[in-house]
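Below is one structure, written out as structure tokens; comments come after it.
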Amino acid sequence: MLTRVAACALGLTLAGVVGAADLSKVRFVTDWKAQAPLGGYYQAKALGLYAQAGLDVDIIQGGPSVNVPLLLGSEQADFAVGSNSFIPLNMVEVGIPATAVAAIFQKDPQVLITHPRDDIRSIADMRGKPIMISDAGVGSHWIWLKARFGFTDRQIRKYTYNLAPFLADPQAIQQGYVTSEPYQIEKASGVAPQAYLLADEDYPSYGNLILAADSRIAQDPGLVRAFVTASIAGWRDYLSGDPAPGNRLIKADNPEMTDDLLLHAIAEMGRHQLATSGDARTAGIGTMTHARWQAFYETMSAGGVYPADLDWRRAYRLDFLPPEP
């Protein structure tokens with residue numbers, strides 16, 4: 001049974017705490033293979049924060065072939081990670097019954113990466129140049145790059161999550177996460193690449209969103225609130241405490257992860273304040289605001305991504321977030 005102190009640390013009352021035999025089963029799908037940008041969830045599981053909240057959470061690795069909206073819409077998952085703000089709005093547009101209930105990252109970790117070169121000193125300098133973009137990227141941050149910098153689809157080259165084409169071509173440009181690909185490129189080549197964080201150019205997307213199936217929200221809103229609260233507690237501990245417990249689970253799920261990769265990614269999350277900048281400075285990790293969602297929708301709608309009559313407020317809910325610290 002959970003102690004009063006531990007319950008209060010999670011923002012729970014003793015009335016909401018259950019014994020191990022009564023834990024509610026939860027299926028949680030991530031948007032990629034186990035890695036540090038998902039570490040707070042693994043930390044919550046490793047430290048028993050989910051169990052203390054009455055939840056038996058099964059973390060299911062994502063990857064390039066995992067369709068998060070489909071799994072939520074078909075109720076094969078209770079919760080999932082949404083990579084960016086496009087995903088909840090896209091789900092509204094096509095009628096998938098799932099909702100964003102927290103945003104772990106205030107900044108999307110997406111970067112564009114080049115070799116060291118004098119002709120590129122900003123994202124704007126990449127206009128007209130070939131860029132390797134994933135299929136998922138074409139439907140998300142590429143849309144914003146076209147609207148913001150005048151990029152065109154003629155620039156697109158397919159990115160397959162393989163660094164070899166970039167390493168072989170000194171003129172190559174590719175997408176990546178600030179927490180991973182730049183470091184992997186430097187390790188492979190011995191030369192630090194140039195990495196440009198889209199968020200530094202006011203890319204308005206959240207990152208690492210917690211999505212909840214609407215069926216779960218309707219059936220058990222308390223469970224949704226418990227999952228969000230425990231996840232946020234896991235993220236606070238992972239970023240400011242000892243990440244070793246979460247990292248052990250990450251490496252068990254994804255043996256490709258090494259200690260140096262994990263520690264570098266954690267350092268980059270801190271250096272760029274992915275989870276702690278903006279509104280999170282006062283409201284805490286996971287926070288979202290109506291104003292931020294409205295600004296994202298209006299920017300993308302003006303660019304022709306979404307219709308003017310889309311019920312964009314349906315994409316998110318703020319009432320599952322814990323009180324401000």
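By order of appearance in the structure tokens: chains A, B, ..., then residues from 1 within every chain, and ligands from 1 in the order shown.
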If you run DSSP over the backbone, which residues in segment 137-315 of chain A end up alpha helix (DSSP H)? Put them as an mmCIF file with C-alpha atoms, in the first residue's frame.
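Listing of result06.cif after writing:
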```
data_model
loop_
_atom_site.group_PDB
_atom_site.id
_atom_site.type_symbol
_atom_site.label_atom_id
_atom_site.label_comp_id
_atom_site.auth_asym_id
_atom_site.auth_seq_id
_atom_site.Cartn_x
_atom_site.Cartn_y
_atom_site.Cartn_z
ATOM 1 C CA GLY A 137 8.149 14.905 -41.770
ATOM 2 C CA VAL A 138 6.609 15.785 -45.132
ATOM 3 C CA HIS A 141 7.405 20.202 -40.030
ATOM 4 C CA TRP A 142 8.007 20.371 -43.796
ATOM 5 C CA ILE A 143 4.655 22.140 -44.161
ATOM 6 C CA TRP A 144 5.835 24.833 -41.772
ATOM 7 C CA LEU A 145 9.238 25.102 -43.491
ATOM 8 C CA LYS A 146 7.490 25.763 -46.799
ATOM 9 C CA ALA A 147 5.282 28.437 -45.283
ATOM 10 C CA ARG A 148 8.042 30.053 -43.217
ATOM 11 C CA PHE A 149 11.033 29.900 -45.566
ATOM 12 C CA ALA A 164 25.081 6.665 -44.536
ATOM 13 C CA PRO A 165 23.795 8.930 -47.358
ATOM 14 C CA PHE A 166 24.474 12.029 -45.261
ATOM 15 C CA LEU A 167 27.949 10.891 -44.256
ATOM 16 C CA ALA A 168 28.861 10.149 -47.866
ATOM 17 C CA GLU A 181 21.460 12.433 -34.987
ATOM 18 C CA PRO A 182 23.983 15.294 -34.554
ATOM 19 C CA TYR A 183 25.820 13.281 -31.895
ATOM 20 C CA GLN A 184 25.696 10.076 -33.932
ATOM 21 C CA ILE A 185 27.052 11.919 -36.976
ATOM 22 C CA GLU A 186 29.921 13.367 -34.968
ATOM 23 C CA LYS A 187 30.781 9.940 -33.557
ATOM 24 C CA ALA A 188 30.764 8.379 -37.016
ATOM 25 C CA SER A 189 32.665 11.130 -38.832
ATOM 26 C CA ASP A 214 -11.468 9.189 -25.957
ATOM 27 C CA SER A 215 -12.967 5.934 -24.748
ATOM 28 C CA ARG A 216 -10.572 5.975 -21.778
ATOM 29 C CA ILE A 217 -11.370 9.618 -21.087
ATOM 30 C CA ALA A 218 -15.108 8.875 -21.055
ATOM 31 C CA GLN A 219 -14.890 5.664 -19.042
ATOM 32 C CA PRO A 221 -11.166 10.289 -16.324
ATOM 33 C CA GLY A 222 -9.487 9.613 -12.989
ATOM 34 C CA LEU A 223 -7.252 7.037 -14.622
ATOM 35 C CA VAL A 224 -6.293 9.541 -17.329
ATOM 36 C CA ARG A 225 -5.420 12.134 -14.703
ATOM 37 C CA ALA A 226 -3.373 9.563 -12.763
ATOM 38 C CA PHE A 227 -1.440 8.552 -15.876
ATOM 39 C CA VAL A 228 -0.645 12.160 -16.778
ATOM 40 C CA THR A 229 0.393 13.041 -13.216
ATOM 41 C CA ALA A 230 2.646 9.993 -12.822
ATOM 42 C CA SER A 231 4.203 10.537 -16.253
ATOM 43 C CA ILE A 232 5.036 14.152 -15.434
ATOM 44 C CA ALA A 233 6.532 13.073 -12.105
ATOM 45 C CA GLY A 234 8.663 10.565 -13.996
ATOM 46 C CA TRP A 235 9.878 13.280 -16.349
ATOM 47 C CA ARG A 236 10.791 15.616 -13.501
ATOM 48 C CA ASP A 237 12.862 12.882 -11.898
ATOM 49 C CA TYR A 238 14.465 11.734 -15.147
ATOM 50 C CA LEU A 239 15.640 15.224 -16.071
ATOM 51 C CA SER A 240 16.739 16.439 -12.657
ATOM 52 C CA ALA A 244 19.719 5.276 -14.314
ATOM 53 C CA PRO A 245 16.492 3.403 -13.431
ATOM 54 C CA GLY A 246 14.731 4.593 -16.579
ATOM 55 C CA ASN A 247 17.816 4.065 -18.705
ATOM 56 C CA ARG A 248 18.021 0.430 -17.618
ATOM 57 C CA LEU A 249 14.501 -0.175 -18.930
ATOM 58 C CA ILE A 250 15.273 1.747 -22.126
ATOM 59 C CA LYS A 251 18.320 -0.442 -22.829
ATOM 60 C CA ALA A 252 16.304 -3.582 -22.088
ATOM 61 C CA ASP A 253 13.742 -2.555 -24.720
ATOM 62 C CA ASP A 259 25.016 4.963 -21.867
ATOM 63 C CA ASP A 260 26.851 7.662 -23.818
ATOM 64 C CA LEU A 261 23.928 8.131 -26.235
ATOM 65 C CA LEU A 262 21.450 8.343 -23.374
ATOM 66 C CA LEU A 263 23.479 10.750 -21.274
ATOM 67 C CA HIS A 264 24.198 12.982 -24.262
ATOM 68 C CA ALA A 265 20.493 13.133 -25.125
ATOM 69 C CA ILE A 266 19.569 14.020 -21.543
ATOM 70 C CA ALA A 267 22.167 16.795 -21.592
ATOM 71 C CA GLU A 268 20.757 18.140 -24.868
ATOM 72 C CA MET A 269 17.207 18.090 -23.512
ATOM 73 C CA GLY A 270 18.455 20.183 -20.618
ATOM 74 C CA ARG A 271 20.633 22.515 -22.694
ATOM 75 C CA ALA A 280 6.599 25.226 -18.279
ATOM 76 C CA ARG A 281 8.784 27.700 -16.388
ATOM 77 C CA THR A 282 5.789 28.669 -14.275
ATOM 78 C CA ALA A 283 3.207 25.940 -14.892
ATOM 79 C CA HIS A 290 -5.288 27.522 -25.241
ATOM 80 C CA ALA A 291 -3.259 30.426 -26.655
ATOM 81 C CA ARG A 292 -0.443 28.182 -27.858
ATOM 82 C CA TRP A 293 -2.850 25.773 -29.560
ATOM 83 C CA GLN A 294 -4.716 28.638 -31.186
ATOM 84 C CA ALA A 295 -1.468 30.151 -32.497
ATOM 85 C CA PHE A 296 -0.412 26.798 -33.976
ATOM 86 C CA TYR A 297 -3.779 26.225 -35.620
ATOM 87 C CA GLU A 298 -3.999 29.740 -37.037
ATOM 88 C CA THR A 299 -0.469 29.532 -38.449
ATOM 89 C CA MET A 300 -1.145 26.216 -40.156
ATOM 90 C CA SER A 301 -4.653 27.133 -41.287
ATOM 91 C CA ALA A 302 -3.319 30.314 -42.893
#
```
Would you write out, as JSON lines, a table of all residues in segment 61-177 of chain A that have an atom no more than 6 Å from an atom of segment 18-37 of chain A, listing for each the closest atom pair and the distance in Å to one decimal, considering only C-alpha atoms and ordering rows by chain and rising residue number?
```
{"residue": "A:Gln61", "atom": "CA", "partner": "A:Lys33", "partner_atom": "CA", "distance": 5.1}
{"residue": "A:Gly62", "atom": "CA", "partner": "A:Trp32", "partner_atom": "CA", "distance": 4.1}
{"residue": "A:Gly63", "atom": "CA", "partner": "A:Trp32", "partner_atom": "CA", "distance": 4.3}
{"residue": "A:Ala77", "atom": "CA", "partner": "A:Arg27", "partner_atom": "CA", "distance": 5.1}
{"residue": "A:Asp78", "atom": "CA", "partner": "A:Arg27", "partner_atom": "CA", "distance": 5.3}
{"residue": "A:Phe79", "atom": "CA", "partner": "A:Phe28", "partner_atom": "CA", "distance": 4.7}
{"residue": "A:Ala80", "atom": "CA", "partner": "A:Val29", "partner_atom": "CA", "distance": 4.5}
{"residue": "A:Val81", "atom": "CA", "partner": "A:Thr30", "partner_atom": "CA", "distance": 4.9}
```
- Item | Of the listed residues A:Asp279, A:Asp58, A:Asp169, A:Glu324, that which approaches Ile131 of chain A most closely, counting only C-alpha atoms |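 Of the candidates, the smallest distance to Ile131 of chain A is held by A:Asp169.
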- Message: At a cut-off of 12 Å, using only C-alpha atoms, what residues contact Ser122 of chain A? Leave out same-chain residues fewer than 5 positions from it and give the result as a list in words.
- Response: Val111, Leu112, Ile113, Thr114, Pro116, Arg117, Arg127, Phe149, Gln194, Ala195, Tyr196, Leu197, Leu198, Asp200 and Glu201 of chain A
Write a file of the selected residues as a CSV table (one decimal), in the first residue's frame, keeping all heavy atoms.
```csv
chain,number,residue,atom,x,y,z
A,111,VAL,N,15.4,19.1,-35.9
A,111,VAL,CA,16.5,20.0,-36.4
A,111,VAL,C,16.7,19.7,-37.9
A,111,VAL,O,16.3,18.6,-38.4
A,111,VAL,CB,17.9,19.8,-35.7
A,111,VAL,CG1,17.8,20.3,-34.2
A,111,VAL,CG2,18.3,18.3,-35.7
A,112,LEU,N,17.3,20.6,-38.6
A,112,LEU,CA,17.9,20.3,-39.9
A,112,LEU,C,19.4,20.3,-39.7
A,112,LEU,O,20.0,21.2,-39.1
A,112,LEU,CB,17.5,21.3,-40.9
A,112,LEU,CG,16.0,21.3,-41.3
A,112,LEU,CD1,15.6,22.4,-42.3
A,112,LEU,CD2,15.6,19.9,-41.9
A,113,ILE,N,20.1,19.3,-40.3
A,113,ILE,CA,21.5,19.1,-40.1
A,113,ILE,C,22.3,19.2,-41.4
A,113,ILE,O,21.9,18.7,-42.4
A,113,ILE,CB,21.7,17.7,-39.5
A,113,ILE,CG1,20.8,17.5,-38.3
A,113,ILE,CG2,23.2,17.5,-39.2
A,113,ILE,CD1,20.7,16.0,-37.8
A,114,THR,N,23.4,19.9,-41.4
A,114,THR,CA,24.3,20.0,-42.5
A,114,THR,C,25.7,19.7,-42.0
A,114,THR,O,26.0,19.7,-40.8
A,114,THR,CB,24.3,21.4,-43.1
A,114,THR,OG1,25.1,22.3,-42.3
A,114,THR,CG2,22.9,21.9,-43.3
A,116,PRO,N,29.6,21.0,-41.8
A,116,PRO,CA,30.2,22.4,-41.7
A,116,PRO,C,30.3,22.9,-43.1
A,116,PRO,O,31.0,22.3,-44.0
A,116,PRO,CB,31.5,22.2,-41.0
A,116,PRO,CG,31.3,20.9,-40.2
A,116,PRO,CD,30.5,20.0,-41.1
A,117,ARG,N,29.7,24.1,-43.4
A,117,ARG,CA,29.8,24.7,-44.7
A,117,ARG,C,29.5,26.2,-44.6
A,117,ARG,O,28.7,26.6,-43.8
A,117,ARG,CB,28.9,24.0,-45.7
A,117,ARG,CG,27.5,23.9,-45.2
A,117,ARG,CD,26.7,22.9,-46.1
A,117,ARG,NE,26.3,23.4,-47.4
A,117,ARG,CZ,25.5,22.8,-48.2
A,117,ARG,NH1,25.0,21.6,-47.9
A,117,ARG,NH2,25.3,23.3,-49.4
A,127,ARG,N,17.0,27.2,-48.5
A,127,ARG,CA,16.0,27.2,-49.5
A,127,ARG,C,16.6,26.9,-50.9
A,127,ARG,O,17.7,27.3,-51.3
A,127,ARG,CB,15.4,28.7,-49.6
A,127,ARG,CG,14.3,28.8,-50.5
A,127,ARG,CD,13.6,30.1,-50.4
A,127,ARG,NE,14.5,31.2,-50.6
A,127,ARG,CZ,14.1,32.5,-50.5
A,127,ARG,NH1,12.9,32.8,-50.1
A,127,ARG,NH2,15.0,33.5,-50.7
A,149,PHE,N,9.8,29.6,-44.9
A,149,PHE,CA,11.0,29.9,-45.6
A,149,PHE,C,10.9,29.8,-47.1
A,149,PHE,O,11.9,30.0,-47.8
A,149,PHE,CB,12.2,29.0,-45.1
A,149,PHE,CG,12.5,29.2,-43.6
A,149,PHE,CD1,12.1,28.3,-42.7
A,149,PHE,CD2,13.2,30.3,-43.2
A,149,PHE,CE1,12.4,28.4,-41.3
A,149,PHE,CE2,13.6,30.5,-41.9
A,149,PHE,CZ,13.2,29.6,-40.9
A,194,GLN,N,26.6,20.9,-38.3
A,194,GLN,CA,25.7,22.1,-38.0
A,194,GLN,C,24.3,21.6,-37.8
A,194,GLN,O,23.8,20.9,-38.7
A,194,GLN,CB,25.8,23.1,-39.1
A,194,GLN,CG,27.2,23.7,-39.3
A,194,GLN,CD,27.3,24.6,-40.5
A,194,GLN,OE1,28.3,25.4,-40.6
A,194,GLN,NE2,26.3,24.7,-41.3
A,195,ALA,N,23.7,21.9,-36.7
A,195,ALA,CA,22.3,21.5,-36.4
A,195,ALA,C,21.5,22.8,-36.1
A,195,ALA,O,21.9,23.6,-35.2
A,195,ALA,CB,22.3,20.5,-35.3
A,196,TYR,N,20.3,22.9,-36.8
A,196,TYR,CA,19.5,24.1,-36.6
A,196,TYR,C,18.1,23.7,-36.1
A,196,TYR,O,17.4,23.0,-36.8
A,196,TYR,CB,19.3,24.8,-38.0
A,196,TYR,CG,20.7,25.3,-38.5
A,196,TYR,CD1,21.4,24.4,-39.4
A,196,TYR,CD2,21.2,26.5,-38.2
A,196,TYR,CE1,22.6,24.9,-39.9
A,196,TYR,CE2,22.4,26.9,-38.7
A,196,TYR,CZ,23.1,26.1,-39.5
A,196,TYR,OH,24.3,26.5,-40.0
A,197,LEU,N,17.9,24.1,-34.8
A,197,LEU,CA,16.6,23.7,-34.2
A,197,LEU,C,15.5,24.5,-34.7
A,197,LEU,O,15.5,25.8,-34.6
A,197,LEU,CB,16.8,23.9,-32.7
A,197,LEU,CG,15.7,23.4,-31.7
A,197,LEU,CD1,15.6,21.9,-31.8
A,197,LEU,CD2,15.9,23.9,-30.3
A,198,LEU,N,14.5,23.9,-35.2
A,198,LEU,CA,13.3,24.6,-35.8
A,198,LEU,C,12.7,25.5,-34.7
A,198,LEU,O,12.2,26.6,-35.1
A,198,LEU,CB,12.3,23.6,-36.4
A,198,LEU,CG,12.5,23.2,-37.8
A,198,LEU,CD1,13.8,22.5,-38.0
A,198,LEU,CD2,11.4,22.2,-38.2
A,200,ASP,N,14.0,27.3,-32.6
A,200,ASP,CA,14.7,28.5,-32.5
A,200,ASP,C,14.3,29.5,-33.5
A,200,ASP,O,14.6,30.7,-33.4
A,200,ASP,CB,16.2,28.3,-32.6
A,200,ASP,CG,16.8,27.6,-31.4
A,200,ASP,OD1,16.2,27.6,-30.3
A,200,ASP,OD2,18.0,27.1,-31.5
A,201,GLU,N,13.5,29.1,-34.5
A,201,GLU,CA,13.0,30.0,-35.5
A,201,GLU,C,11.5,30.1,-35.3
A,201,GLU,O,10.7,30.4,-36.3
A,201,GLU,CB,13.3,29.4,-36.9
A,201,GLU,CG,14.7,29.4,-37.3
A,201,GLU,CD,15.3,30.7,-37.6
A,201,GLU,OE1,14.5,31.7,-37.6
A,201,GLU,OE2,16.5,30.8,-37.7
```
- Task: Would you work out the distance separating atom CA of Ile156 of chain A from atom CA of Ile133 of chain A, expressed in Å to one decimal?
- Result: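 Result for atom CA of Ile156 of chain A versus atom CA of Ile133 of chain A: 6.2 Å, one decimal.
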- Query: Where does DSSP see strand (DSSP E or B) in segment 206-272 of chain A, if you list the residues as a ChimeraX atom specification?
  - Reply: /A:207-213
- Message: Given only C-alpha atoms as the basis, pick out the residue of A:Asn208, A:Gln155, A:Gln106, A:Ser85 nearest to Gly278 of chain A.
- Response: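 Once distances to Gly278 of chain A are computed over only C-alpha atoms, the minimum belongs to A:Gln106.
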- Message: Just to confirm, what's the straight-line distance from atom CA of Leu72 of chain A to atom CA of Ala102 of chain A in Å (one decimal)?
- Response: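 The value is 15.8 Å.
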